[in-house]
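Undergrad: My structure is below; once you've seen it, I'll send some questions.
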There are 2 protein chains.
Amino acid sequence: MKRISALLLLLTSLTFTPSHAQQAIWDKAATTSPEINADGTVTFRLVAPCAKEVEITGDFLPTEKVMTPKGEITVRKKAYMERNDAGTWEYTTPFAVEPELYLYNFIVDSLKINDPSNAYRIRDTASSYNIFMTPGERTSLYRVADVPHGSVSKVWYPSATTGTSRRMTVYTPAGYEAPENAGKRYPVLYLLHGMGGDENAWNELGRASQILDNLIAAGKAEPMIVVMPNGNIAMDAAPGENSQGFTIPTTALPHTMDGAYEKAFPEIVTFTDSIYRTVPEKNSRAIAGLSMGGFHSLHTSKLYPDLFGYIGLFSAAIKPRALTYPEVYDDMAAKLKAQFINQPELYWIAIGDTDFLYNDNVAFRKQLDDLGLPYTYRESSGGHCWANWRLYLSEFLPLLFKP
Amino acid sequence: MKRISALLLLLTSLTFTPSHAQQAIWDKAATTSPEINADGTVTFRLVAPCAKEVEITGDFLPTEKVMTPKGEITVRKKAYMERNDAGTWEYTTPFAVEPELYLYNFIVDSLKINDPSNAYRIRDTASSYNIFMTPGERTSLYRVADVPHGSVSKVWYPSATTGTSRRMTVYTPAGYEAPENAGKRYPVLYLLHGMGGDENAWNELGRASQILDNLIAAGKAEPMIVVMPNGNIAMDAAPGENSQGFTIPTTALPHTMDGAYEKAFPEIVTFTDSIYRTVPEKNSRAIAGLSMGGFHSLHTSKLYPDLFGYIGLFSAAIKPRALTYPEVYDDMAAKLKAQFINQPELYWIAIGDTDFLYNDNVAFRKQLDDLGLPYTYRESSGGHCWANWRLYLSEFLPLLFKP
């Protein structure tokens, strides 16, 4: 009885106390949002009695073509939310939402905000989005399932190029640390992010560790180490987790796509081989990336033709942004030919049919064709987006390191 | 020239494309917020031309006493922001803000939102706060400095108690993975979170890895492994990173502070000793935690009196919330006496003078005094908040594992 009184007293003091006076205490959400309905539609809600107009924008909504002075462009539709008498705004999709991980925001009287009822947010460069996931076959790979889980580590490597420590994310497969596997060695995939991303991106928006856990557990991918370095050579780690403190994240970084990172890439491989139980051989190494990371994969793999046996270009940029180290990009045809003298096990190019880099990829494939260099091509629907990059990773992993 | 045209084209298409149509592209913040001024004041800004009233709330603002039907309570003051002609709202603190890591939100026409100009946010249970840090001696420990960095890993351990895998965060000090240290063994601190927290809390709001890196680099703390498990036994990992998907985070979890977690704690120690190069001895093991984590440290260390040589209670809860396993809490005096037969190297109790658990801690210290059991006491100003918990960790670490 005495214990129960003490408990009630504790709970009472928690309830009375504003969240900032006593931390680790929480605000209760005023409503449920989003709610995934049994028929596959999704309902969003916002309690905002004083608002005049509330819209929702997100990548679950269709796009439309709009004319501008500079020509026709594709924009994402917004939807208006409807206010009920109590001041809660609501929107239900008029369609069942396809299985996927989506991003969204509310716009309240022209101010873009996060959904305060949804604790799950993702930072992408300087923007913050709420996220939600709809169930289905595709997204079953993106969930934390009841399978053995790999470890995910943030590790700093010494960079002779920058003279600093730089951070990378490393996935080691389930069982890697187990004493009975102490003598086992693993192949390595180097998995690279895009512009605006960092060493966290593939594991957060990309769901890399979930996809790896689930494919490996199903016997569809080989157990492997996955190294996700930071491709922004002017940063030592992700924004907010680096020595620059809480500075505003930006894509306007120096030395991006100028050759510096590709040139320095072997120091990442050397460090990985020194710290992890890798198979330090070309055909036990893959490199792949999205957008700028596809660009880095393309140029690094041809600059060091004996390093990687598997190459994956996901919605890859092809052309450099600057030329601090022109030797990285010069003589593209000669470098590609040299890379293909010892034919890679796999050279995999994937892009969406509405991607803004589509034509660059057509031209790059034509160059490979003209040189007689073989590759595998995967064209999906859609554009330059995480839905495609998660899909490409899910399809690429099973092609790697087959015994 | 051709390269420059291609680059311009790329940048142009990025600029024209709404963020959701082409992802990994970002919104530019409409203003700078927060801005830490040279005189130590801080300015916050929000572009919201349609808003009628904008307030700011955060733990950098003072508290005040307010009378309610249930008695006097302490609430955090809010401040009104002022609108300029262009529709930007602004607030500058009328005081220099003490060096600390702070949380804040805006309230726009009664809707609590995050600052859209500040990408840095922390989830605490279901709430999302913006964060900022002011410079000074205390916060120099909380920054990513130019010192060797430890690794931070998310690792899953098999729990015989729950029949599932459960996740923990593990800090290994700089050099742990280096081949030249392959034979070196390290002491272990088990560092426990509070109610509403999870295995991410100490490393996010607690800045544990920065504090450890900086103290170890300065020679003020011994290199050690720090294991931060998830103390919510009904969960396998943090919200959004566990098998329950994106469910609403809550503190109303079953089996919290009911004895289940304390009873099962040795399986965490056994796993840690099997996977890491630990010194598997009482005087090379510490256990400490905040609030519920202090409670877990208190009750686990006396339930297993031979396991931990160092104990730290930071703003600790003392009394259980439920009694599924009463044997964990029964005979408190006898268990404490048994624990102190082999005197712990350190029994450290810290609390703030306005903490709502202050009186419980007075009573607990009186119990220890009456039993003649020695402890070290540290009383700080302030309440139940992360500012104190970071401070306590910074003071506790140098006391551990002295050779």
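Numbering starts fresh at 1 for the residues of each chain in the structure tokens, the chains themselves are lettered A, B, ... in the order given, and ligands are numbered from 1 as they appear.
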Can you list, as a PyMOL selection string, all residues belonging to region 179-356 of chain B that DSSP tags as strand (DSSP E or B)?
TA: chain B and resi 186+188-192+225-229+278+285-290+310-314+346-352
Undergrad: Would you kindly return, as a PyMOL selection string, each protein, DNA or RNA residue with an atom no farther than 8 Å from any atom of region 213-215 of chain A, considering only C-alpha atoms and excluding same-chain residues fewer than 4 positions away?
TA: chain A and resi 141+145+147-150+173-174+209+219-221+394+398
Undergrad: Region 4-222 of chain B: which residues are alpha helix (DSSP H) by DSSP, as an MDAnalysis selection string?
TA: chainID B and resid 4:16 137:140 201:204 208:217
Undergrad: Could you please take those selected residues and save C-alpha atoms as a PDB file, in the first residue's frame?
TA:
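Final file, again-v4.pdb:
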```
ATOM      1  CA  ILE B   4      30.968  23.693 -66.984  1.00  0.00           C
ATOM      2  CA  SER B   5      27.771  23.687 -69.064  1.00  0.00           C
ATOM      3  CA  ALA B   6      26.925  20.230 -67.820  1.00  0.00           C
ATOM      4  CA  LEU B   7      27.526  21.364 -64.275  1.00  0.00           C
ATOM      5  CA  LEU B   8      25.292  24.399 -64.719  1.00  0.00           C
ATOM      6  CA  LEU B   9      22.600  22.188 -66.178  1.00  0.00           C
ATOM      7  CA  LEU B  10      22.855  19.872 -63.210  1.00  0.00           C
ATOM      8  CA  LEU B  11      22.651  22.699 -60.697  1.00  0.00           C
ATOM      9  CA  THR B  12      19.770  24.264 -62.610  1.00  0.00           C
ATOM     10  CA  SER B  13      17.761  21.090 -62.582  1.00  0.00           C
ATOM     11  CA  LEU B  14      18.423  20.738 -58.867  1.00  0.00           C
ATOM     12  CA  THR B  15      17.260  24.258 -58.184  1.00  0.00           C
ATOM     13  CA  PHE B  16      14.068  23.825 -60.149  1.00  0.00           C
ATOM     14  CA  GLU B 137      34.425  25.220 -20.181  1.00  0.00           C
ATOM     15  CA  ARG B 138      31.658  22.787 -19.302  1.00  0.00           C
ATOM     16  CA  THR B 139      30.495  22.196 -22.874  1.00  0.00           C
ATOM     17  CA  SER B 140      34.047  21.794 -24.156  1.00  0.00           C
ATOM     18  CA  ALA B 201      19.770   8.240 -24.946  1.00  0.00           C
ATOM     19  CA  TRP B 202      23.152   8.511 -23.206  1.00  0.00           C
ATOM     20  CA  ASN B 203      24.933   8.899 -26.499  1.00  0.00           C
ATOM     21  CA  GLU B 204      22.515  11.450 -27.957  1.00  0.00           C
ATOM     22  CA  ALA B 208      28.580  10.118 -23.622  1.00  0.00           C
ATOM     23  CA  SER B 209      30.983   9.341 -26.452  1.00  0.00           C
ATOM     24  CA  GLN B 210      32.206  12.952 -26.619  1.00  0.00           C
ATOM     25  CA  ILE B 211      32.693  13.122 -22.828  1.00  0.00           C
ATOM     26  CA  LEU B 212      34.552   9.797 -22.877  1.00  0.00           C
ATOM     27  CA  ASP B 213      36.761  10.742 -25.839  1.00  0.00           C
ATOM     28  CA  ASN B 214      37.676  14.070 -24.261  1.00  0.00           C
ATOM     29  CA  LEU B 215      38.303  12.812 -20.713  1.00  0.00           C
ATOM     30  CA  ILE B 216      40.331   9.820 -21.913  1.00  0.00           C
ATOM     31  CA  ALA B 217      42.396  11.983 -24.282  1.00  0.00           C
TER      32      ALA B 217
END
```
Undergrad: Could you check the closest approach to Met195 (chain A) for each of A:Pro254, A:Gly382, A:Gly40, A:Pro305 and tell me which residue wins, using only C-alpha atoms?
TA: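 Checking each of A:Pro254, A:Gly382, A:Gly40, A:Pro305 against Met195 (chain A), counting only C-alpha atoms, the winner is A:Pro254.
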Undergrad: Taking only C-alpha atoms into account and nothing else, which residues of chain A lie no more than 7 Å away from chain B? Please answer as a PyMOL selection string.
TA: chain A and resi 7+18+20-27+48+50+58-59+75-76+109+111+113+116+119-120+123-128+143-145+149+151-156+177-178+195-196+240-243+245+275+321+383-386
Undergrad: Which residues are close to Gln339 (chain A), i.e. within 10 Å by only C-alpha atoms, leaving aside same-chain residues fewer than 2 positions away? Reply as a PyMOL selection string.
TA: chain A and resi 301-309+333-337+341-344+373
Undergrad: Counting only C-alpha atoms, what is within 10 Å of Ser284 (chain B), bar same-chain residues fewer than 3 positions away, as a ChimeraX atom specification?
TA: /B:186-189,224,278-281,307-310,400-402
